[in-house]
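Q: Pasting a structure below so you can have a look.
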Amino acid sequence: MSTEAIPAERPKRNYNALFGLTLLALLVLLWIILSVATPSFASANNISNLLRQGSMIAILAVGQTFVIITGGIDLSVGAVVGFATVIVAMLINAGIPVFLAILITLLVGVAIGMFHGFGIVKMGLPPFIITLATLTSLRGIGLLMTNGNSISINNDAFQTFSRSSFIGVPNLFWMVILVGIPAYIFLHHSRWGRYLFSVGSNAEASRLSGVNVQRTIYMAYTLSGLCAAFVGVLLASRIGIGNPTQAEGWELQAIASSVIGGTSLFGAVGSVHGPLLGAFILATINNGANLLNVNAFWQRIITGVLIIVIVYFDGLRRRGK
Amino acid sequence: MTSTAQELHPALTLEPGRTILELHGLEKRYPGTHALKPVNLAFKAGEIHAIVGENGAGKSTLIKLLTGVMPRTSGDVIWEGKPAALATPHEAMALGINAVHQEVVLCRHLTVAANMFLGEEDSRFGILQQRAMVRQAQKIIDDLGFDLPAHVMLGDLTIGQQQLIAAARATVRGTKFLIFDEPTAYLTRKEADQLFTLIRRLKVEGVTIIYISHRMEEVFELADRVSVLRDGTLVGTRNIAETNDAELVKMMINRSIEQVYHKEHFTPGATIVEARNLSGKGFENVSMSVRAGEIVGLYGLIGAGRSEFVTTLYGRHRKSGGQILWEGKEVKVNSEHDAIRLGMALAPESRRDQGLCLNLSVGLNLNLPIYKRISSNLLISRAQEKAQADRQIADLRIKTPTRSALASSLSGGNQQKIVIGKWLAHGGKLFIFDEPTVGVDVGTKAEIYRLFGALLSKGAGIILISSYLPEVYELADTLHVFRRGKLVATHGFRTADHEEILTQALAEKQEGPGGQI
């Protein structure tokens, strides 16, 4: 696994690394510009804040990327986040130990992901449809469970977690690393990672080559559901309430981060570091725009334009190659 | 059938037609490769000009230059006496240059008529004249004698029928110069005959035809002249009456024809697999067995049930009756997984749809069946992954810059080597090859046949499906003939003649369109 690249591998390596670098360069460039433009950007406080803002979308984007690589899409992740805040809040308030409450919430995320897999593999529904259905119904179930009210979480330790830091870095950002490293190993160094790509490229060829296509699809959606439930726990910890209407539109931010990070919506192209960088680029733009007092409405427009520009240039480079 | 067709249409003597297209030093360079070295060639109006050569010899490049898909590096093209830039497909079409590709590039979800007029729809005040178009399309199809409906979805037709529609479409657009790229690869014999009738008709109307094919007998049946490309160089042009098979093959590959079908005989060992009265979708009541060290050939028309039979054997489709015995014991094969675990390997019919992950690397494609072996606890050994891929690339002589090149960037023959190659590393006892040499040049064919020998010598058995009779005839130890989902005849190695086998495959009575079920 740790063997060095032999020369033959180099072109693709460099290419992938180069794209990662371009995104990283863009991120650093944004940071430099903002540091010069506003005095408050480079403050430790703001950087921590920025890392917190980007972290949750980043984790969602990683799960989303697994799904997109198989040629699918998971529209439910925002709703799963909101739903998970409700579950974890109710469990903690019911006096269940925090550790167990989190575990159960994560299992709920897994179950939702399995359900998506079931809908796609066994019922033959398009991923867009089954996850869209979950998106609306999960919000409804959450509202039914809470009667439309927010649930305040009565546990200080649970809430302090997301507000604290470890060696100067916000805990939320450590969570990105906690998810990112196993995700990287999974996608790029494990058999199942290869299968995600092969299924996204040609499911029939994979099947005839002995790849368990159904299991691969189950896995992608389960991982996405798991990531979303995990983000739900983090969000509940950060704001201290459970509310099913939270995280509205986060699925689109996750997809945008993934696509900015070089994932192809046609499947079979993607990485783990790309979506992470994509998420923090989006977070930086929002953070910077706030500091510069840019109208919040304009922020949305800028984000939209940026998505088009980045993906367009990515496409140009790919074709040019 | 081939011979009768030749009697009916003796090689047409070349009339001194005027020159319609001249190539002067036409050349194409890609970064790193010289795909087409300067070519000088003149095409005459109303001739059928075959172009043959191995995969990667420069045929596709030549077509792309002529149809304006790619710009040339240098050289001049003179069209009807005037220089032509041929910079865009649009310009080529405006001049009257059209191409019919091996894979149908039309819209499957539109009707036949809508496809015929795609881009040139008949409309009045912005409203499509649908009924008029269907009528017109039907008339064109009937005129050509195709016996196909114009109002159905294109996707409802067989690939062969779609190919005929694509050809018909090209003829109604003021075409003066029509390129056919391997048009018969997916056609049944009857469809091919209909296509040949169309081509001859176009010739009479003065259309120049470029006909690209790997099938020598078609070249001799149709063409007036033939040009041979090898490694991007035009080796020579011959009048068809003044050349023969052996000469052309020699020009193409610098090798004699006897060396292509290289048959090694082994003493058959124990029975590996046996189908007893196996039935399923598309075939019924098929009984046959394969022994170690033998090639069992399945011959028949496309749609005769051969592919369905092997995919059922392989667990891709459910059987509806009968038994499968593996090494003498009855087994259940409910999935590809079961089949692979038993020791079966399938190189499927369609490279693009079933064989390859086109937008992934050559290495990943080659390793796909063996990831379990080269990983421990889910983690892949990168070193082994690379070593395995490189070994396959070297052993099979796959022409690729690196193992990380995308499979889509390789030529057809090299792609086919991947489809076959990924199973060689995996190993197995029964190898099923479904049309392994469609669209593959003579040189690669010979290499693939040699691989068969290597597998047999290791005690494996092979099922070889082919629509190309000489292939199964020269290679199979046992030859089964399929017709309409049934196994209708069985022969030993070269125990029947071509005529007899063809008759058995085609059936006595006239078949419906395309001879499909």
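Identifiers for the structure tokens are assigned positionally: chains receive A, B, ... in sequence, residues are indexed from 1 per chain, and ligands are indexed from 1 in the order shown.
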Determine which residues of range 375-492 of chain B receive a DSSP assignment of strand (DSSP E), computed from the backbone, and state them as a PyMOL selection string.
A: chain B and resi 375-376+379-380+430-434+461-466+478-483+486-492
Q: With a cut-off of 9 Å, could you pull out the residues of chain B touching chain A and give me the nearest pair of atoms for each, distance in Å to one decimal, using only C-alpha atoms, ordered by chain and ascending number, as a Markdown table?
A:
```
| residue | atom | partner | partner_atom | distance |
| --- | --- | --- | --- | --- |
| B:Tyr314 | CA | A:Leu208 | CA | 8.7 |
| B:Arg316 | CA | A:Leu208 | CA | 7.7 |
| B:Ser335 | CA | A:Gly210 | CA | 8.9 |
| B:Glu336 | CA | A:Gly210 | CA | 5.9 |
| B:His337 | CA | A:Gly210 | CA | 5.3 |
| B:Asp338 | CA | A:Gly210 | CA | 8.8 |
| B:Ala339 | CA | A:Gly210 | CA | 8.7 |
| B:Ile340 | CA | A:Gly210 | CA | 6.6 |
| B:Arg341 | CA | A:Gly210 | CA | 8.9 |
| B:Ala345 | CA | A:Ser209 | CA | 8.1 |
| B:Leu346 | CA | A:Leu208 | CA | 7.1 |
| B:Ala347 | CA | A:Leu208 | CA | 8.3 |
| B:Pro348 | CA | A:Leu208 | CA | 8.0 |
| B:Arg351 | CA | A:Ala205 | CA | 8.5 |
| B:Arg352 | CA | A:Ala205 | CA | 8.6 |
| B:Asp353 | CA | A:Ala205 | CA | 7.0 |
| B:Gln354 | CA | A:Ala205 | CA | 4.3 |
| B:Gly355 | CA | A:Ala205 | CA | 4.8 |
| B:Leu356 | CA | A:Ala205 | CA | 5.6 |
| B:Cys357 | CA | A:Asn202 | CA | 5.1 |
| B:Leu358 | CA | A:Ser201 | CA | 6.9 |
| B:Asn359 | CA | A:Ser201 | CA | 6.3 |
| B:Leu360 | CA | A:Ser201 | CA | 7.0 |
| B:Leu364 | CA | A:Arg194 | CA | 7.7 |
| B:Asn365 | CA | A:Ser198 | CA | 8.1 |
| B:Leu368 | CA | A:Ser209 | CA | 6.5 |
| B:Pro369 | CA | A:Ser209 | CA | 5.2 |
| B:Ile370 | CA | A:Ser209 | CA | 8.9 |
| B:Tyr371 | CA | A:Arg191 | CA | 6.0 |
| B:Lys372 | CA | A:Arg191 | CA | 7.1 |
| B:Ile374 | CA | A:Arg191 | CA | 8.9 |
| B:Ser375 | CA | A:Arg191 | CA | 6.9 |
| B:Asn377 | CA | A:Ser190 | CA | 8.5 |
| B:Leu378 | CA | A:Ser190 | CA | 5.1 |
| B:Leu379 | CA | A:Ser190 | CA | 4.3 |
| B:Ile380 | CA | A:Ser190 | CA | 5.1 |
| B:Ser381 | CA | A:Met1 | CA | 4.9 |
| B:Arg382 | CA | A:Met1 | CA | 4.7 |
| B:Ala383 | CA | A:Thr3 | CA | 6.1 |
| B:Gln384 | CA | A:Met1 | CA | 8.8 |
| B:Lys386 | CA | A:Ile6 | CA | 8.6 |
| B:Pro401 | CA | A:Ala8 | CA | 8.2 |
| B:Thr402 | CA | A:Ala8 | CA | 5.5 |
| B:Arg403 | CA | A:Ala8 | CA | 7.1 |
| B:Ser404 | CA | A:Glu9 | CA | 6.1 |
| B:Ala405 | CA | A:Lys12 | CA | 8.1 |
| B:Lys422 | CA | A:Ser209 | CA | 8.5 |
| B:Trp423 | CA | A:Ser209 | CA | 8.4 |
```
Q: Using DSSP secondary structure from the backbone, list all alpha helix (DSSP H) positions within range 214-266 of chain B, as a PDB file with C-alpha atoms, in the first residue's frame.
A:
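Result file is selection_27.pdb:
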```pdb
ATOM      1  CA  MET B 216     -12.178 -10.205 -46.237  1.00  0.00           C
ATOM      2  CA  GLU B 217     -15.038 -12.015 -47.951  1.00  0.00           C
ATOM      3  CA  GLU B 218     -17.114  -8.824 -47.821  1.00  0.00           C
ATOM      4  CA  VAL B 219     -14.328  -6.829 -49.369  1.00  0.00           C
ATOM      5  CA  PHE B 220     -14.147  -9.290 -52.248  1.00  0.00           C
ATOM      6  CA  GLU B 221     -17.915  -9.408 -52.591  1.00  0.00           C
ATOM      7  CA  LEU B 222     -18.401  -5.652 -52.745  1.00  0.00           C
ATOM      8  CA  ASP B 245      -6.989 -12.816 -49.676  1.00  0.00           C
ATOM      9  CA  ALA B 246      -3.456 -13.939 -49.089  1.00  0.00           C
ATOM     10  CA  GLU B 247      -1.916 -10.881 -50.686  1.00  0.00           C
ATOM     11  CA  LEU B 248      -4.076  -8.466 -48.679  1.00  0.00           C
ATOM     12  CA  VAL B 249      -3.440 -10.191 -45.371  1.00  0.00           C
ATOM     13  CA  LYS B 250       0.251 -10.181 -46.141  1.00  0.00           C
ATOM     14  CA  MET B 251       0.119  -6.462 -46.887  1.00  0.00           C
ATOM     15  CA  MET B 252      -1.805  -5.831 -43.678  1.00  0.00           C
ATOM     16  CA  ILE B 253       0.222  -7.798 -41.207  1.00  0.00           C
TER      17      ILE B 253
END
```
Q: Quick one: distance from CA of Ile210 in chain B to CA of Leu21 in chain B in Å, one decimal?
A: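 Straight-line distance from CA of Ile210 in chain B to CA of Leu21 in chain B works out to 11.5 Å.
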Q: Hey, what's within 8 Å of range 164-169 of chain B if we count only C-alpha atoms and toss same-chain stuff fewer than 6 positions away? As a VMD selection string, please?
A: chain B and resid 100 104 106 112 115 to 117 140 to 141 144 146 191 195
Q: May I have the selected residues written with all heavy atoms, as an mmCIF file, in the first residue's frame?
A:
```cif
data_model
loop_
_atom_site.group_PDB
_atom_site.id
_atom_site.type_symbol
_atom_site.label_atom_id
_atom_site.label_comp_id
_atom_site.auth_asym_id
_atom_site.auth_seq_id
_atom_site.Cartn_x
_atom_site.Cartn_y
_atom_site.Cartn_z
ATOM 1 N N VAL B 100 -21.487 6.187 -41.952
ATOM 2 C CA VAL B 100 -22.318 5.302 -41.138
ATOM 3 C C VAL B 100 -21.367 4.546 -40.223
ATOM 4 O O VAL B 100 -20.465 3.864 -40.690
ATOM 5 C CB VAL B 100 -23.102 4.294 -42.009
ATOM 6 C CG1 VAL B 100 -23.877 3.322 -41.141
ATOM 7 C CG2 VAL B 100 -24.031 5.036 -42.940
ATOM 8 N N VAL B 104 -24.389 2.424 -33.756
ATOM 9 C CA VAL B 104 -25.403 3.332 -34.268
ATOM 10 C C VAL B 104 -25.437 4.594 -33.403
ATOM 11 O O VAL B 104 -25.581 4.527 -32.191
ATOM 12 C CB VAL B 104 -26.781 2.649 -34.261
ATOM 13 C CG1 VAL B 104 -27.842 3.608 -34.777
ATOM 14 C CG2 VAL B 104 -26.737 1.403 -35.114
ATOM 15 N N LEU B 106 -27.723 7.193 -33.203
ATOM 16 C CA LEU B 106 -29.020 7.831 -33.432
ATOM 17 C C LEU B 106 -29.776 7.822 -32.115
ATOM 18 O O LEU B 106 -29.315 7.273 -31.122
ATOM 19 C CB LEU B 106 -29.802 7.062 -34.504
ATOM 20 C CG LEU B 106 -29.249 7.142 -35.932
ATOM 21 C CD1 LEU B 106 -30.026 6.231 -36.845
ATOM 22 C CD2 LEU B 106 -29.294 8.568 -36.451
ATOM 23 N N VAL B 112 -38.382 5.876 -35.986
ATOM 24 C CA VAL B 112 -37.522 5.682 -37.152
ATOM 25 C C VAL B 112 -37.603 6.906 -38.054
ATOM 26 O O VAL B 112 -36.589 7.455 -38.492
ATOM 27 C CB VAL B 112 -37.952 4.417 -37.913
ATOM 28 C CG1 VAL B 112 -37.263 4.339 -39.258
ATOM 29 C CG2 VAL B 112 -37.644 3.182 -37.082
ATOM 30 N N ASN B 115 -35.852 9.957 -36.694
ATOM 31 C CA ASN B 115 -34.412 9.815 -36.838
ATOM 32 C C ASN B 115 -33.954 10.094 -38.267
ATOM 33 O O ASN B 115 -32.921 10.699 -38.488
ATOM 34 C CB ASN B 115 -33.972 8.410 -36.424
ATOM 35 C CG ASN B 115 -33.663 8.327 -34.945
ATOM 36 O OD1 ASN B 115 -32.731 8.951 -34.463
ATOM 37 N ND2 ASN B 115 -34.480 7.592 -34.214
ATOM 38 N N MET B 116 -34.770 9.615 -39.228
ATOM 39 C CA MET B 116 -34.398 9.811 -40.634
ATOM 40 C C MET B 116 -34.287 11.289 -40.957
ATOM 41 O O MET B 116 -33.449 11.717 -41.736
ATOM 42 C CB MET B 116 -35.451 9.179 -41.546
ATOM 43 C CG MET B 116 -35.542 7.677 -41.432
ATOM 44 S SD MET B 116 -34.579 6.824 -42.657
ATOM 45 C CE MET B 116 -35.647 6.887 -44.053
ATOM 46 N N PHE B 117 -35.167 12.091 -40.343
ATOM 47 C CA PHE B 117 -35.195 13.517 -40.681
ATOM 48 C C PHE B 117 -34.592 14.379 -39.579
ATOM 49 O O PHE B 117 -34.792 15.583 -39.575
ATOM 50 C CB PHE B 117 -36.631 13.946 -40.973
ATOM 51 C CG PHE B 117 -37.187 13.304 -42.208
ATOM 52 C CD1 PHE B 117 -38.070 12.241 -42.124
ATOM 53 C CD2 PHE B 117 -36.790 13.741 -43.467
ATOM 54 C CE1 PHE B 117 -38.556 11.635 -43.262
ATOM 55 C CE2 PHE B 117 -37.276 13.138 -44.611
ATOM 56 C CZ PHE B 117 -38.164 12.067 -44.504
ATOM 57 N N ILE B 140 -39.099 5.700 -48.425
ATOM 58 C CA ILE B 140 -37.656 5.486 -48.611
ATOM 59 C C ILE B 140 -37.265 4.066 -48.193
ATOM 60 O O ILE B 140 -36.570 3.345 -48.916
ATOM 61 C CB ILE B 140 -36.850 6.506 -47.778
ATOM 62 C CG1 ILE B 140 -37.103 7.906 -48.310
ATOM 63 C CG2 ILE B 140 -35.367 6.174 -47.810
ATOM 64 C CD1 ILE B 140 -36.722 9.015 -47.351
ATOM 65 N N ILE B 141 -37.774 3.646 -47.032
ATOM 66 C CA ILE B 141 -37.442 2.321 -46.516
ATOM 67 C C ILE B 141 -37.959 1.235 -47.449
ATOM 68 O O ILE B 141 -37.258 0.279 -47.768
ATOM 69 C CB ILE B 141 -38.024 2.129 -45.097
ATOM 70 C CG1 ILE B 141 -37.341 3.104 -44.129
ATOM 71 C CG2 ILE B 141 -37.860 0.704 -44.620
ATOM 72 C CD1 ILE B 141 -38.008 3.177 -42.782
ATOM 73 N N LEU B 144 -35.973 0.856 -50.575
ATOM 74 C CA LEU B 144 -34.718 0.144 -50.357
ATOM 75 C C LEU B 144 -34.965 -1.339 -50.095
ATOM 76 O O LEU B 144 -34.034 -2.118 -50.018
ATOM 77 C CB LEU B 144 -33.964 0.764 -49.175
ATOM 78 C CG LEU B 144 -33.497 2.207 -49.376
ATOM 79 C CD1 LEU B 144 -32.987 2.791 -48.080
ATOM 80 C CD2 LEU B 144 -32.410 2.264 -50.443
ATOM 81 N N PHE B 146 -36.360 -2.745 -47.348
ATOM 82 C CA PHE B 146 -35.949 -3.155 -46.013
ATOM 83 C C PHE B 146 -37.033 -3.815 -45.180
ATOM 84 O O PHE B 146 -36.747 -4.463 -44.191
ATOM 85 C CB PHE B 146 -35.400 -1.950 -45.228
ATOM 86 C CG PHE B 146 -34.013 -1.593 -45.621
ATOM 87 C CD1 PHE B 146 -33.426 -0.438 -45.136
ATOM 88 C CD2 PHE B 146 -33.268 -2.408 -46.462
ATOM 89 C CE1 PHE B 146 -32.138 -0.098 -45.485
ATOM 90 C CE2 PHE B 146 -31.980 -2.067 -46.826
ATOM 91 C CZ PHE B 146 -31.422 -0.911 -46.342
ATOM 92 N N GLU B 191 -29.496 -9.322 -43.035
ATOM 93 C CA GLU B 191 -29.391 -7.865 -42.958
ATOM 94 C C GLU B 191 -28.193 -7.368 -43.753
ATOM 95 O O GLU B 191 -28.258 -6.342 -44.423
ATOM 96 C CB GLU B 191 -29.270 -7.428 -41.485
ATOM 97 C CG GLU B 191 -30.562 -7.569 -40.718
ATOM 98 C CD GLU B 191 -30.367 -7.501 -39.204
ATOM 99 O OE1 GLU B 191 -29.229 -7.672 -38.727
ATOM 100 O OE2 GLU B 191 -31.356 -7.279 -38.503
ATOM 101 N N LEU B 195 -28.033 -4.705 -46.787
ATOM 102 C CA LEU B 195 -27.130 -3.559 -46.793
ATOM 103 C C LEU B 195 -26.303 -3.544 -48.073
ATOM 104 O O LEU B 195 -26.125 -2.496 -48.700
ATOM 105 C CB LEU B 195 -26.210 -3.626 -45.571
ATOM 106 C CG LEU B 195 -25.285 -2.430 -45.425
ATOM 107 C CD1 LEU B 195 -26.066 -1.212 -44.977
ATOM 108 C CD2 LEU B 195 -24.167 -2.713 -44.449
#
```
Q: List the neighbours of range 21-35 of chain A out to 9 Å using only C-alpha atoms; skip same-chain residues closer than 5 positions along the sequence, and give me the result as JSON, numbers by chain.
A: {"A": [16, 40, 41, 42, 43, 260, 261, 274, 277, 278, 280, 281, 284, 285, 288, 291, 292]}
Q: May I have the selected residues written with N, CA, C and O atoms, as a PDB file, in the first residue's frame?
A:
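Output contents, as saved in result21.pdb:
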```
ATOM      1  N   ASN A  16      -4.112  14.418 -10.677  1.00  0.00           N
ATOM      2  CA  ASN A  16      -4.997  14.483  -9.523  1.00  0.00           C
ATOM      3  C   ASN A  16      -4.458  15.467  -8.490  1.00  0.00           C
ATOM      4  O   ASN A  16      -5.174  16.306  -7.969  1.00  0.00           O
ATOM      5  N   SER A  40     -10.334  41.624  10.384  1.00  0.00           N
ATOM      6  CA  SER A  40     -10.816  40.595  11.301  1.00  0.00           C
ATOM      7  C   SER A  40     -10.689  39.182  10.745  1.00  0.00           C
ATOM      8  O   SER A  40     -10.780  38.214  11.496  1.00  0.00           O
ATOM      9  N   PHE A  41     -10.456  39.046   9.413  1.00  0.00           N
ATOM     10  CA  PHE A  41     -10.478  37.692   8.835  1.00  0.00           C
ATOM     11  C   PHE A  41      -9.423  36.783   9.452  1.00  0.00           C
ATOM     12  O   PHE A  41      -9.702  35.646   9.835  1.00  0.00           O
ATOM     13  N   ALA A  42      -8.195  37.308   9.532  1.00  0.00           N
ATOM     14  CA  ALA A  42      -7.089  36.450   9.954  1.00  0.00           C
ATOM     15  C   ALA A  42      -7.047  36.210  11.458  1.00  0.00           C
ATOM     16  O   ALA A  42      -6.158  35.522  11.940  1.00  0.00           O
ATOM     17  N   SER A  43      -7.996  36.755  12.198  1.00  0.00           N
ATOM     18  CA  SER A  43      -7.975  36.544  13.651  1.00  0.00           C
ATOM     19  C   SER A  43      -8.248  35.086  13.985  1.00  0.00           C
ATOM     20  O   SER A  43      -8.970  34.387  13.252  1.00  0.00           O
ATOM     21  N   ILE A 260     -17.519  20.973  -6.972  1.00  0.00           N
ATOM     22  CA  ILE A 260     -16.377  21.892  -7.010  1.00  0.00           C
ATOM     23  C   ILE A 260     -15.093  21.097  -6.795  1.00  0.00           C
ATOM     24  O   ILE A 260     -14.066  21.360  -7.406  1.00  0.00           O
ATOM     25  N   GLY A 261     -15.181  20.075  -5.956  1.00  0.00           N
ATOM     26  CA  GLY A 261     -14.022  19.242  -5.663  1.00  0.00           C
ATOM     27  C   GLY A 261     -13.685  18.249  -6.758  1.00  0.00           C
ATOM     28  O   GLY A 261     -12.896  17.339  -6.547  1.00  0.00           O
ATOM     29  N   GLY A 274     -10.983  16.410  -2.615  1.00  0.00           N
ATOM     30  CA  GLY A 274     -11.668  17.414  -3.439  1.00  0.00           C
ATOM     31  C   GLY A 274     -12.899  18.012  -2.757  1.00  0.00           C
ATOM     32  O   GLY A 274     -12.983  19.222  -2.566  1.00  0.00           O
ATOM     33  N   LEU A 277     -12.024  20.258   0.226  1.00  0.00           N
ATOM     34  CA  LEU A 277     -11.576  21.591  -0.188  1.00  0.00           C
ATOM     35  C   LEU A 277     -12.761  22.408  -0.699  1.00  0.00           C
ATOM     36  O   LEU A 277     -12.902  23.587  -0.389  1.00  0.00           O
ATOM     37  N   GLY A 278     -13.624  21.742  -1.479  1.00  0.00           N
ATOM     38  CA  GLY A 278     -14.804  22.432  -2.015  1.00  0.00           C
ATOM     39  C   GLY A 278     -15.647  23.025  -0.904  1.00  0.00           C
ATOM     40  O   GLY A 278     -16.091  24.175  -0.989  1.00  0.00           O
ATOM     41  N   PHE A 280     -14.732  23.906   2.092  1.00  0.00           N
ATOM     42  CA  PHE A 280     -14.099  25.040   2.776  1.00  0.00           C
ATOM     43  C   PHE A 280     -13.987  26.261   1.876  1.00  0.00           C
ATOM     44  O   PHE A 280     -13.976  27.394   2.357  1.00  0.00           O
ATOM     45  N   ILE A 281     -13.943  26.036   0.565  1.00  0.00           N
ATOM     46  CA  ILE A 281     -13.983  27.191  -0.344  1.00  0.00           C
ATOM     47  C   ILE A 281     -15.336  27.894  -0.207  1.00  0.00           C
ATOM     48  O   ILE A 281     -15.410  29.116  -0.067  1.00  0.00           O
ATOM     49  N   THR A 284     -15.483  29.721   3.078  1.00  0.00           N
ATOM     50  CA  THR A 284     -14.659  30.926   3.062  1.00  0.00           C
ATOM     51  C   THR A 284     -15.392  32.073   2.360  1.00  0.00           C
ATOM     52  O   THR A 284     -15.373  33.220   2.811  1.00  0.00           O
ATOM     53  N   ILE A 285     -16.035  31.724   1.244  1.00  0.00           N
ATOM     54  CA  ILE A 285     -16.754  32.773   0.510  1.00  0.00           C
ATOM     55  C   ILE A 285     -17.852  33.369   1.382  1.00  0.00           C
ATOM     56  O   ILE A 285     -18.002  34.597   1.473  1.00  0.00           O
ATOM     57  N   GLY A 288     -16.165  35.356   4.269  1.00  0.00           N
ATOM     58  CA  GLY A 288     -15.559  36.591   3.782  1.00  0.00           C
ATOM     59  C   GLY A 288     -16.614  37.611   3.404  1.00  0.00           C
ATOM     60  O   GLY A 288     -16.488  38.799   3.712  1.00  0.00           O
ATOM     61  N   LEU A 291     -17.902  39.297   6.429  1.00  0.00           N
ATOM     62  CA  LEU A 291     -16.962  40.270   6.980  1.00  0.00           C
ATOM     63  C   LEU A 291     -16.922  41.529   6.130  1.00  0.00           C
ATOM     64  O   LEU A 291     -16.751  42.637   6.632  1.00  0.00           O
ATOM     65  N   LEU A 292     -17.064  41.351   4.833  1.00  0.00           N
ATOM     66  CA  LEU A 292     -17.008  42.500   3.921  1.00  0.00           C
ATOM     67  C   LEU A 292     -18.356  43.204   3.831  1.00  0.00           C
ATOM     68  O   LEU A 292     -18.535  44.109   3.021  1.00  0.00           O
TER      69      LEU A 292
END
```
Q: Residues within 9 Å of Gly343 in chain B, please, as a ChimeraX atom specification. Count only C-alpha atoms; anything in the same chain fewer than 4 positions from it doesn't count.
A: /B:338-339,427-431
Q: List the spatial neighbours of range 78-88 of chain A as a PyMOL selection string - criterion: any atom at most 9 Å away, only C-alpha atoms, same-chain residues fewer than 4 positions off excluded.
A: chain A and resi 60+92-93+98+101-102+104-106+108-109+112+134-139+141-143+145-146+150-151+153+225+227-237+241-252+254
Q: Just give me the gap between CA of Thr160 in chain A and CA of Leu276 in chain A in Å, one decimal is fine.
A: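 We find that CA of Thr160 in chain A and CA of Leu276 in chain A lie 24.6 Å from each other.
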Q: Hey, can you check how far CA of Ser264 in chain A sits from CA of Asp74 in chain A?
A: 14.1 Å
Q: Go through A:Leu91, A:Leu107, A:Leu75, A:Gly148 one by one, measure the shortest atom-to-atom distance of each to Leu132 in chain A using only C-alpha atoms, and give the residue with the smallest value.
A: A:Leu75
